[in-house]
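Enquirer: So I've got this file, structure.pdb, and it contains PDB, C-alpha atoms:
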ATOM      1  CA  MET A1190     -25.190   1.951  -9.460  1.00  0.00           C
ATOM      2  CA  ALA A1191     -22.218   4.285  -9.336  1.00  0.00           C
ATOM      3  CA  ASN A1192     -19.151   3.186 -11.215  1.00  0.00           C
ATOM      4  CA  ARG A1193     -16.429   3.099  -8.550  1.00  0.00           C
ATOM      5  CA  PRO A1194     -12.747   2.388  -9.102  1.00  0.00           C
ATOM      6  CA  GLN A1195     -11.238  -0.974  -8.176  1.00  0.00           C
ATOM      7  CA  ASN A1196      -8.005  -0.509  -6.237  1.00  0.00           C
ATOM      8  CA  GLN A1197      -4.693  -2.305  -6.728  1.00  0.00           C
ATOM      9  CA  PRO A1198      -2.218  -2.640  -3.788  1.00  0.00           C
ATOM     10  CA  TRP A1199      -0.170   0.453  -4.725  1.00  0.00           C
ATOM     11  CA  ASP A1200      -3.416   2.320  -5.351  1.00  0.00           C
ATOM     12  CA  THR A1201      -4.514   1.589  -1.791  1.00  0.00           C
ATOM     13  CA  LEU A1202      -1.236   2.949  -0.443  1.00  0.00           C
ATOM     14  CA  ILE A1203      -1.565   6.003  -2.669  1.00  0.00           C
ATOM     15  CA  ASP A1204      -5.138   6.628  -1.535  1.00  0.00           C
ATOM     16  CA  GLU A1205      -4.080   6.312   2.117  1.00  0.00           C
ATOM     17  CA  ASN A1206      -1.366   8.904   1.578  1.00  0.00           C
ATOM     18  CA  LEU A1207      -3.739  11.147  -0.375  1.00  0.00           C
ATOM     19  CA  LYS A1208      -6.157  11.005   2.548  1.00  0.00           C
ATOM     20  CA  LYS A1209      -3.387  11.820   5.047  1.00  0.00           C
ATOM     21  CA  VAL A1210      -2.325  14.838   2.990  1.00  0.00           C
ATOM     22  CA  PHE A1211      -5.918  16.023   2.594  1.00  0.00           C
ATOM     23  CA  VAL A1212      -6.775  15.526   6.266  1.00  0.00           C
ATOM     24  CA  GLU A1213      -3.623  17.375   7.293  1.00  0.00           C
ATOM     25  CA  ASP A1214      -4.637  20.284   5.050  1.00  0.00           C
ATOM     26  CA  ALA A1215      -8.276  20.168   6.168  1.00  0.00           C
ATOM     27  CA  ASN A1216      -7.262  20.214   9.847  1.00  0.00           C
ATOM     28  CA  ALA A1217      -5.157  23.325   9.424  1.00  0.00           C
ATOM     29  CA  ASP A1218      -6.595  26.476  10.987  1.00  0.00           C
ATOM     30  CA  LEU A1219      -8.189  28.904   8.575  1.00  0.00           C
ATOM     31  CA  PRO A1220      -6.115  32.070   8.175  1.00  0.00           C
ATOM     32  CA  PRO A1221      -7.503  35.212   9.895  1.00  0.00           C
ATOM     33  CA  HIS A1222      -8.495  36.915   6.656  1.00  0.00           C
ATOM     34  CA  LEU A1223     -10.767  34.013   5.691  1.00  0.00           C
ATOM     35  CA  MET A1224     -12.357  34.070   9.135  1.00  0.00           C
ATOM     36  CA  GLU A1225     -12.885  37.815   8.750  1.00  0.00           C
ATOM     37  CA  LEU A1226     -14.429  37.245   5.327  1.00  0.00           C
ATOM     38  CA  LEU A1227     -16.998  34.899   6.858  1.00  0.00           C
ATOM     39  CA  ASP A1228     -17.744  37.454   9.568  1.00  0.00           C
ATOM     40  CA  ARG A1229     -18.473  40.198   7.049  1.00  0.00           C
ATOM     41  CA  LEU A1230     -20.414  38.135   4.493  1.00  0.00           C
ATOM     42  CA  ASP A1231     -23.703  39.684   5.603  1.00  0.00           C
ATOM     43  CA  LYS A1232     -22.438  43.129   4.609  1.00  0.00           C
ATOM     44  CA  ILE A1233     -21.467  42.103   1.083  1.00  0.00           C
ATOM     45  CA  PRO A1234     -23.984  43.160  -1.575  1.00  0.00           C
ATOM     46  CA  VAL A1235     -25.487  40.296  -3.566  1.00  0.00           C
ATOM     47  CA  ALA A1236     -26.107  39.992  -7.307  1.00  0.00           C
ATOM     48  CA  ASN A1237     -29.552  40.619  -8.782  1.00  0.00           C
ATOM     49  CA  GLY A1238     -29.293  37.472 -10.881  1.00  0.00           C
ATOM     50  CA  ALA A1239     -28.184  39.232 -14.039  1.00  0.00           C
ATOM     51  CA  GLY A1240     -25.008  38.206 -15.813  1.00  0.00           C
ATOM     52  CA  GLN A1241     -22.611  35.357 -15.222  1.00  0.00           C
ATOM     53  CA  ALA A1242     -19.717  35.758 -12.799  1.00  0.00           C
ATOM     54  CA  ALA A1243     -16.458  34.184 -13.921  1.00  0.00           C
ATOM     55  CA  GLY A1244     -16.111  30.739 -12.431  1.00  0.00           C
ATOM     56  CA  MET A1245     -19.795  30.215 -11.767  1.00  0.00           C
ATOM     57  CA  PRO A1246     -20.970  26.776 -12.944  1.00  0.00           C
ATOM     58  CA  SER A1247     -22.612  26.718 -16.339  1.00  0.00           C
ATOM     59  CA  HIS A1248     -23.416  24.063 -18.921  1.00  0.00           C
ATOM     60  CA  SER A1249     -20.267  24.675 -20.942  1.00  0.00           C
ATOM     61  CA  GLN A1250     -17.464  24.052 -18.497  1.00  0.00           C
ATOM     62  CA  GLU A1251     -15.819  21.162 -20.314  1.00  0.00           C
ATOM     63  CA  GLU A1252     -12.056  21.464 -19.964  1.00  0.00           C
ATOM     64  CA  ALA A1253      -9.930  20.921 -23.019  1.00  0.00           C
ATOM     65  CA  GLU A1254      -8.042  17.635 -22.678  1.00  0.00           C
TER
ATOM     66  CA  MET B 785     -32.222  29.681   0.552  1.00  0.00           C
ATOM     67  CA  ASP B 786     -32.127  31.626   3.771  1.00  0.00           C
ATOM     68  CA  ARG B 787     -28.903  33.623   3.913  1.00  0.00           C
ATOM     69  CA  GLN B 788     -28.109  32.689   7.503  1.00  0.00           C
ATOM     70  CA  ASP B 789     -28.603  28.988   6.769  1.00  0.00           C
ATOM     71  CA  ALA B 790     -26.466  29.356   3.674  1.00  0.00           C
ATOM     72  CA  LYS B 791     -23.764  31.128   5.635  1.00  0.00           C
ATOM     73  CA  ALA B 792     -23.752  28.400   8.269  1.00  0.00           C
ATOM     74  CA  GLU B 793     -23.476  25.679   5.650  1.00  0.00           C
ATOM     75  CA  LEU B 794     -20.840  27.558   3.694  1.00  0.00           C
ATOM     76  CA  THR B 795     -18.820  28.032   6.885  1.00  0.00           C
ATOM     77  CA  SER B 796     -19.023  24.310   7.628  1.00  0.00           C
ATOM     78  CA  HIS B 797     -17.402  23.539   4.249  1.00  0.00           C
ATOM     79  CA  MET B 798     -14.561  26.050   4.552  1.00  0.00           C
ATOM     80  CA  LYS B 799     -11.808  23.731   5.750  1.00  0.00           C
ATOM     81  CA  VAL B 800     -12.565  21.033   3.188  1.00  0.00           C
ATOM     82  CA  LEU B 801     -12.817  23.718   0.532  1.00  0.00           C
ATOM     83  CA  ARG B 802      -9.382  24.998   1.511  1.00  0.00           C
ATOM     84  CA  ALA B 803      -7.947  21.467   1.472  1.00  0.00           C
ATOM     85  CA  PHE B 804      -9.363  21.027  -2.047  1.00  0.00           C
ATOM     86  CA  ALA B 805      -7.798  24.352  -3.021  1.00  0.00           C
ATOM     87  CA  MET B 806      -4.482  23.101  -1.622  1.00  0.00           C
ATOM     88  CA  SER B 807      -4.790  19.946  -3.721  1.00  0.00           C
ATOM     89  CA  LEU B 808      -4.995  22.156  -6.809  1.00  0.00           C
ATOM     90  CA  THR B 809      -2.485  24.868  -5.970  1.00  0.00           C
ATOM     91  CA  ARG B 810      -0.031  23.172  -3.553  1.00  0.00           C
ATOM     92  CA  ASN B 811       0.549  26.657  -2.194  1.00  0.00           C
ATOM     93  CA  ASP B 812      -0.927  28.159   0.993  1.00  0.00           C
ATOM     94  CA  ALA B 813      -1.312  31.735  -0.212  1.00  0.00           C
ATOM     95  CA  ALA B 814      -2.763  30.724  -3.578  1.00  0.00           C
ATOM     96  CA  ALA B 815      -5.183  28.331  -1.863  1.00  0.00           C
ATOM     97  CA  ASP B 816      -6.366  31.086   0.499  1.00  0.00           C
ATOM     98  CA  ASP B 817      -6.921  33.495  -2.396  1.00  0.00           C
ATOM     99  CA  LEU B 818      -8.818  30.812  -4.283  1.00  0.00           C
ATOM    100  CA  VAL B 819     -11.064  30.063  -1.304  1.00  0.00           C
ATOM    101  CA  GLN B 820     -11.712  33.771  -0.789  1.00  0.00           C
ATOM    102  CA  ASP B 821     -12.717  34.234  -4.442  1.00  0.00           C
ATOM    103  CA  THR B 822     -14.910  31.125  -4.258  1.00  0.00           C
ATOM    104  CA  VAL B 823     -16.719  32.245  -1.120  1.00  0.00           C
ATOM    105  CA  LEU B 824     -17.359  35.710  -2.559  1.00  0.00           C
ATOM    106  CA  LYS B 825     -18.700  34.271  -5.819  1.00  0.00           C
ATOM    107  CA  ALA B 826     -20.865  31.744  -4.009  1.00  0.00           C
ATOM    108  CA  TRP B 827     -22.258  34.364  -1.648  1.00  0.00           C
ATOM    109  CA  THR B 828     -23.042  36.929  -4.314  1.00  0.00           C
ATOM    110  CA  ASN B 829     -24.603  34.289  -6.568  1.00  0.00           C
ATOM    111  CA  LEU B 830     -26.409  32.328  -3.916  1.00  0.00           C
ATOM    112  CA  GLU B 831     -29.691  32.558  -5.789  1.00  0.00           C
ATOM    113  CA  LYS B 832     -28.130  30.248  -8.406  1.00  0.00           C
ATOM    114  CA  PHE B 833     -27.646  27.491  -5.836  1.00  0.00           C
ATOM    115  CA  GLN B 834     -30.468  24.972  -5.950  1.00  0.00           C
ATOM    116  CA  GLU B 835     -31.614  24.312  -2.411  1.00  0.00           C
ATOM    117  CA  GLY B 836     -31.606  20.626  -1.562  1.00  0.00           C
ATOM    118  CA  THR B 837     -28.627  19.902  -3.794  1.00  0.00           C
ATOM    119  CA  ASN B 838     -25.072  19.365  -2.600  1.00  0.00           C
ATOM    120  CA  MET B 839     -23.586  22.710  -1.590  1.00  0.00           C
ATOM    121  CA  ARG B 840     -20.097  21.280  -1.209  1.00  0.00           C
ATOM    122  CA  ALA B 841     -20.121  19.984  -4.778  1.00  0.00           C
ATOM    123  CA  TRP B 842     -21.383  23.393  -5.939  1.00  0.00           C
ATOM    124  CA  LEU B 843     -18.591  25.157  -4.048  1.00  0.00           C
ATOM    125  CA  PHE B 844     -16.006  22.713  -5.443  1.00  0.00           C
ATOM    126  CA  THR B 845     -17.244  23.461  -8.948  1.00  0.00           C
ATOM    127  CA  ILE B 846     -16.962  27.219  -8.418  1.00  0.00           C
ATOM    128  CA  LEU B 847     -13.512  26.785  -6.899  1.00  0.00           C
ATOM    129  CA  ARG B 848     -12.122  24.638  -9.688  1.00  0.00           C
ATOM    130  CA  ASN B 849     -13.681  26.822 -12.400  1.00  0.00           C
ATOM    131  CA  THR B 850     -12.106  29.864 -10.762  1.00  0.00           C
ATOM    132  CA  PHE B 851      -8.767  28.082 -10.491  1.00  0.00           C
ATOM    133  CA  TYR B 852      -8.692  27.083 -14.173  1.00  0.00           C
ATOM    134  CA  SER B 853      -9.986  30.481 -15.245  1.00  0.00           C
ATOM    135  CA  ASN B 854      -7.190  32.213 -13.292  1.00  0.00           C
ATOM    136  CA  ARG B 855      -4.662  29.756 -14.645  1.00  0.00           C
ATOM    137  CA  ARG B 856      -5.664  30.443 -18.214  1.00  0.00           C
ATOM    138  CA  LYS B 857      -5.273  34.172 -17.538  1.00  0.00           C
ATOM    139  CA  ALA B 858      -1.807  33.649 -16.089  1.00  0.00           C
ATOM    140  CA  VAL B 859      -0.328  31.185 -18.560  1.00  0.00           C
ATOM    141  CA  ARG B 860       3.010  32.922 -18.420  1.00  0.00           C
ATOM    142  CA  GLU B 861       3.214  32.826 -14.651  1.00  0.00           C
ATOM    143  CA  VAL B 862       5.363  30.125 -13.136  1.00  0.00           C
ATOM    144  CA  GLU B 863       3.098  27.691 -11.322  1.00  0.00           C
ATOM    145  CA  ASP B 864       3.468  27.528  -7.569  1.00  0.00           C
ATOM    146  CA  SER B 865       6.730  29.459  -7.431  1.00  0.00           C
ATOM    147  CA  SER B 866       7.155  29.493  -3.669  1.00  0.00           C
ATOM    148  CA  GLY B 867       5.622  26.078  -3.024  1.00  0.00           C
ATOM    149  CA  ALA B 868       7.608  24.375  -5.752  1.00  0.00           C
ATOM    150  CA  ILE B 869      10.841  25.783  -4.422  1.00  0.00           C
ATOM    151  CA  THR B 870      10.017  24.812  -0.876  1.00  0.00           C
ATOM    152  CA  GLU B 871       8.944  21.350  -1.898  1.00  0.00           C
ATOM    153  CA  SER B 872      11.876  20.833  -4.246  1.00  0.00           C
ATOM    154  CA  ILE B 873      14.312  21.013  -1.350  1.00  0.00           C
ATOM    155  CA  SER B 874      15.546  17.485  -1.126  1.00  0.00           C
ATOM    156  CA  VAL B 875      14.239  15.546   1.838  1.00  0.00           C
ATOM    157  CA  LYS B 876      16.337  12.506   2.530  1.00  0.00           C
ATOM    158  CA  PRO B 877      14.347   9.281   2.621  1.00  0.00           C
ATOM    159  CA  ALA B 878      13.713   8.110   6.126  1.00  0.00           C
ATOM    160  CA  HIS B 879      11.591   5.611   7.958  1.00  0.00           C
ATOM    161  CA  ASP B 880       9.836   8.438   9.785  1.00  0.00           C
ATOM    162  CA  GLY B 881       6.192   8.687   8.678  1.00  0.00           C
ATOM    163  CA  ARG B 882       6.181  12.475   8.419  1.00  0.00           C
ATOM    164  CA  LEU B 883       9.173  12.520   6.101  1.00  0.00           C
ATOM    165  CA  GLN B 884       7.627   9.819   3.963  1.00  0.00           C
ATOM    166  CA  LEU B 885       4.446  11.872   3.776  1.00  0.00           C
ATOM    167  CA  ALA B 886       6.563  14.907   2.837  1.00  0.00           C
ATOM    168  CA  GLU B 887       8.044  12.843  -0.001  1.00  0.00           C
ATOM    169  CA  PHE B 888       4.561  11.892  -1.085  1.00  0.00           C
ATOM    170  CA  ARG B 889       3.443  15.543  -0.997  1.00  0.00           C
ATOM    171  CA  ARG B 890       6.391  16.467  -3.172  1.00  0.00           C
ATOM    172  CA  ALA B 891       5.579  13.693  -5.651  1.00  0.00           C
ATOM    173  CA  LEU B 892       1.937  14.764  -5.680  1.00  0.00           C
ATOM    174  CA  GLY B 893       2.953  18.359  -6.327  1.00  0.00           C
ATOM    175  CA  GLU B 894       4.888  17.275  -9.403  1.00  0.00           C
ATOM    176  CA  LEU B 895       1.794  15.795 -11.076  1.00  0.00           C
ATOM    177  CA  PRO B 896      -0.284  17.818 -13.525  1.00  0.00           C
ATOM    178  CA  VAL B 897      -3.056  19.561 -11.627  1.00  0.00           C
ATOM    179  CA  GLU B 898      -5.764  17.750 -13.621  1.00  0.00           C
ATOM    180  CA  GLN B 899      -4.444  14.429 -12.277  1.00  0.00           C
ATOM    181  CA  ARG B 900      -4.105  15.713  -8.688  1.00  0.00           C
ATOM    182  CA  GLU B 901      -7.672  16.927  -8.849  1.00  0.00           C
ATOM    183  CA  ILE B 902      -9.058  13.567  -9.948  1.00  0.00           C
ATOM    184  CA  LEU B 903      -6.906  11.697  -7.419  1.00  0.00           C
ATOM    185  CA  THR B 904      -8.347  13.903  -4.674  1.00  0.00           C
ATOM    186  CA  LEU B 905     -11.957  13.632  -5.796  1.00  0.00           C
ATOM    187  CA  ILE B 906     -11.846   9.845  -6.185  1.00  0.00           C
ATOM    188  CA  GLY B 907      -9.072   8.742  -3.831  1.00  0.00           C
ATOM    189  CA  VAL B 908      -9.965  11.037  -0.934  1.00  0.00           C
ATOM    190  CA  LEU B 909     -13.526  12.229  -1.336  1.00  0.00           C
ATOM    191  CA  GLN B 910     -14.769   8.882  -2.687  1.00  0.00           C
ATOM    192  CA  TYR B 911     -16.508  10.388  -5.702  1.00  0.00           C
ATOM    193  CA  SER B 912     -17.673   7.951  -8.338  1.00  0.00           C
ATOM    194  CA  TYR B 913     -16.266   8.315 -11.864  1.00  0.00           C
ATOM    195  CA  GLU B 914     -19.531   9.916 -12.908  1.00  0.00           C
ATOM    196  CA  GLU B 915     -19.563  12.399 -10.026  1.00  0.00           C
ATOM    197  CA  ALA B 916     -15.944  13.386 -10.690  1.00  0.00           C
ATOM    198  CA  ALA B 917     -16.701  13.779 -14.381  1.00  0.00           C
ATOM    199  CA  ASP B 918     -19.633  16.026 -13.507  1.00  0.00           C
ATOM    200  CA  VAL B 919     -17.605  18.258 -11.161  1.00  0.00           C
ATOM    201  CA  CYS B 920     -14.728  18.525 -13.651  1.00  0.00           C
ATOM    202  CA  GLY B 921     -16.944  18.924 -16.691  1.00  0.00           C
ATOM    203  CA  VAL B 922     -15.187  16.110 -18.553  1.00  0.00           C
ATOM    204  CA  LYS B 923     -16.153  12.665 -19.828  1.00  0.00           C
ATOM    205  CA  VAL B 924     -15.926   9.569 -17.618  1.00  0.00           C
ATOM    206  CA  GLY B 925     -13.191   8.200 -19.895  1.00  0.00           C
ATOM    207  CA  THR B 926     -11.110  11.303 -19.234  1.00  0.00           C
ATOM    208  CA  VAL B 927     -11.554  10.838 -15.494  1.00  0.00           C
ATOM    209  CA  LYS B 928     -10.369   7.219 -15.725  1.00  0.00           C
ATOM    210  CA  SER B 929      -7.442   8.197 -17.882  1.00  0.00           C
ATOM    211  CA  ARG B 930      -6.309  10.982 -15.507  1.00  0.00           C
ATOM    212  CA  LEU B 931      -6.754   8.711 -12.497  1.00  0.00           C
ATOM    213  CA  ASN B 932      -4.694   5.927 -14.062  1.00  0.00           C
ATOM    214  CA  ARG B 933      -1.941   8.260 -15.231  1.00  0.00           C
ATOM    215  CA  GLY B 934      -1.799   9.952 -11.815  1.00  0.00           C
ATOM    216  CA  ARG B 935      -1.624   6.653  -9.972  1.00  0.00           C
ATOM    217  CA  GLU B 936       0.990   5.270 -12.344  1.00  0.00           C
ATOM    218  CA  ALA B 937       3.178   8.334 -11.866  1.00  0.00           C
ATOM    219  CA  LEU B 938       2.838   8.215  -8.077  1.00  0.00           C
ATOM    220  CA  THR B 939       3.474   4.458  -8.020  1.00  0.00           C
ATOM    221  CA  LEU B 940       6.641   4.984 -10.020  1.00  0.00           C
ATOM    222  CA  LYS B 941       7.843   7.731  -7.682  1.00  0.00           C
ATOM    223  CA  MET B 942       7.004   5.679  -4.588  1.00  0.00           C
ATOM    224  CA  GLN B 943       8.743   2.603  -5.986  1.00  0.00           C
ATOM    225  CA  MET B 944      11.807   4.719  -6.742  1.00  0.00           C
ATOM    226  CA  ASN B 945      11.812   6.119  -3.205  1.00  0.00           C
ATOM    227  CA  SER B 946      11.400   2.621  -1.859  1.00  0.00           C
ATOM    228  CA  ASP B 947      14.418   1.483  -3.918  1.00  0.00           C
ATOM    229  CA  ASP B 948      16.429   4.462  -2.661  1.00  0.00           C
ATOM    230  CA  ARG B 949      15.653   3.440   0.882  1.00  0.00           C
ATOM    231  CA  MET B 950      16.795  -0.107   0.208  1.00  0.00           C
ATOM    232  CA  GLU B 951      20.037   1.172  -1.287  1.00  0.00           C
ATOM    233  CA  LEU B 952      20.655   3.489   1.651  1.00  0.00           C
ATOM    234  CA  THR B 953      19.955   0.684   4.073  1.00  0.00           C
ATOM    235  CA  ASP B 954      22.330  -1.606   2.199  1.00  0.00           C
ATOM    236  CA  ALA B 955      25.021   1.065   2.120  1.00  0.00           C
ATOM    237  CA  ALA B 956      24.598   1.729   5.830  1.00  0.00           C
ATOM    238  CA  THR B 957      24.808  -1.980   6.575  1.00  0.00           C
ATOM    239  CA  HIS B 958      27.967  -2.365   4.520  1.00  0.00           C
ATOM    240  CA  ALA B 959      29.505   0.674   6.212  1.00  0.00           C
ATOM    241  CA  VAL B 960      28.815  -0.740   9.677  1.00  0.00           C
ATOM    242  CA  VAL B 961      30.134  -4.162   8.678  1.00  0.00           C
ATOM    243  CA  ALA B 962      33.247  -2.647   7.108  1.00  0.00           C
ATOM    244  CA  ALA B 963      33.894  -0.414  10.132  1.00  0.00           C
ATOM    245  CA  SER B 964      33.646  -3.362  12.495  1.00  0.00           C
ATOM    246  CA  GLY B 965      36.022  -5.352  10.314  1.00  0.00           C
ATOM    247  CA  GLY B 966      33.484  -8.090   9.791  1.00  0.00           C
ATOM    248  CA  THR B 967      31.802  -9.495   6.727  1.00  0.00           C
ATOM    249  CA  ALA B 968      28.161  -9.543   5.864  1.00  0.00           C
ATOM    250  CA  ALA B 969      26.606 -12.913   6.639  1.00  0.00           C
TER
END
Turn the structure described in the file into structure tokens.
Expert:
Amino acid sequence: MANRPQNQPWDTLIDENLKKVFVEDANADLPPHLMELLDRLDKIPVANGAGQAAGMPSHSQEEAE
Amino acid sequence: MDRQDAKAELTSHMKVLRAFAMSLTRNDAAADDLVQDTVLKAWTNLEKFQEGTNMRAWLFTILRNTFYSNRRKAVREVEDSSGAITESISVKPAHDGRLQLAEFRRALGELPVEQREILTLIGVLQYSYEEAADVCGVKVGTVKSRLNRGREALTLKMQMNSDDRMELTDAATHAVVAASGGTAA
């Protein structure tokens, strides 16, 4: 069973505000250049599987604490 | 995975992806750039995505890896220059919900990004400790520690704002009472 956090009263208020902020951001319209990017995805050449692009998930992504 | 299916699914995650980018950058332009880089990397490396697994989690991982990679490259750059200035403009405490949310945004923006990230994954997206640890590539203990420190900092800021409001209310009450020549009951 997943280990889920137990909330305290202030935590609940914080989570509610976090959700409001996130929802506000997620409801914002995407800017035109991102919409255009989606439109032209089909024309973008794809990798042949060789190499590792920066930022692609790997097994050594542990961030230094 | 069929490219058209992938495109449709990727498109369906765009707004949440941008909101996650905002939670990291607290800056519109930086968030847009981050989403653009993420989409391009995901699209050109689609063969690395395992069909049947969670595409949103995969996209989040690419996005956060890209964010931290860019941040490491730009260690000398001032974080969130425009956003920090905009958000540092003092907003007077008020009972209006939008202003209170603006205060909360400002407080959130002052936290270290690693704490904001965990707060978003767990507090908003309902990830378990283990899932958040997996996305962030850290141990569960680190997730708990960042979550606790983030919540403590926000609690402190919210309590301080709450105290400010009380003081303002008291001051306003005293001013009204004094102006009317009466005394507080």
Enquirer: What is the atom CA of Asp1218 of chain A to atom CA of Arg856 of chain B distance in Å?
Expert: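 A separation of 29.5 Å between them.
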Enquirer: Using only C-alpha atoms, what does the table of chain B residues within 7 Å of chain A look like, with each row giving the shortest atom pair and its distance in Å to one decimal, sorted by chain and ascending number, as a Markdown table?
Expert:
| residue | atom | partner | partner_atom | distance |
| --- | --- | --- | --- | --- |
| B:Lys799 | CA | A:Ala1215 | CA | 5.0 |
| B:Val800 | CA | A:Ala1215 | CA | 5.3 |
| B:Arg802 | CA | A:Ala1215 | CA | 6.8 |
| B:Ala803 | CA | A:Ala1215 | CA | 4.9 |
| B:Gln820 | CA | A:Leu1223 | CA | 6.6 |
| B:Thr828 | CA | A:Val1235 | CA | 4.2 |
| B:Asn829 | CA | A:Ala1236 | CA | 5.9 |
| B:Thr845 | CA | A:Pro1246 | CA | 6.4 |
| B:Ile846 | CA | A:Met1245 | CA | 5.3 |
| B:Asn849 | CA | A:Gly1244 | CA | 4.6 |
| B:Thr850 | CA | A:Gly1244 | CA | 4.4 |
| B:Ser853 | CA | A:Gly1244 | CA | 6.7 |
| B:Leu885 | CA | A:Asn1206 | CA | 6.9 |
| B:Thr904 | CA | A:Leu1207 | CA | 6.9 |
| B:Gly907 | CA | A:Asp1204 | CA | 5.0 |
| B:Val908 | CA | A:Lys1208 | CA | 5.2 |
| B:Ser912 | CA | A:Arg1193 | CA | 5.0 |
| B:Tyr913 | CA | A:Asn1192 | CA | 5.9 |
| B:Glu914 | CA | A:Asn1192 | CA | 7.0 |
| B:Gly921 | CA | A:Glu1251 | CA | 4.4 |
| B:Val922 | CA | A:Glu1251 | CA | 5.4 |
| B:Arg935 | CA | A:Asp1200 | CA | 6.6 |
| B:Thr939 | CA | A:Trp1199 | CA | 6.3 |
Enquirer: Give the padded box for segment 1215-1220 of chain A as AutoDock Vina command-line options: axis-aligned, covering all atoms listed in the file, 3 Å on each side, centre and edge lengths in Å to one decimal.
Expert:
--center_x -6.7 --center_y 26.1 --center_z 8.6 --size_x 9.1 --size_y 17.9 --size_z 10.8
Enquirer: Between atom CA of Ala814 of chain B and atom CA of Asn838 of chain B, what is the spacing in Å?
Expert: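 Separation between atom CA of Asn838 of chain B and atom CA of Ala814 of chain B: 25.1 Å.
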Enquirer: Calculate how many Å separate atom CA of Arg840 of chain B from atom CA of Leu801 of chain B, rounding to one decimal.
Expert: 7.9 Å
Enquirer: Quick one: apply the PyMOL selection byres ((chain B and resi 933) around 12) to the file and drop the selected residues here as number ranges by chain.
Expert: A: 1200; B: 895-900, 902-903, 926-932, 934-940
Enquirer: Of the candidates B:Tyr911, B:Trp827, B:Phe851, B:Phe844, which shows the shortest atom-to-atom distance to Leu808 of chain B, using only C-alpha atoms?
Expert: B:Phe851
Enquirer: Between B:Phe888, B:Leu847, B:Gln788, B:Gln834, which is the closest to Asp816 of chain B once you count all atoms listed in the file?
Expert: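 That would be B:Leu847, the residue with the smallest distance to Asp816 of chain B.
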Enquirer: Restricting the calculation to only C-alpha atoms: of B:Val924, B:Ala841, B:Leu818, B:Ala858, which residue gets closest to Leu909 of chain B?
Expert: B:Ala841
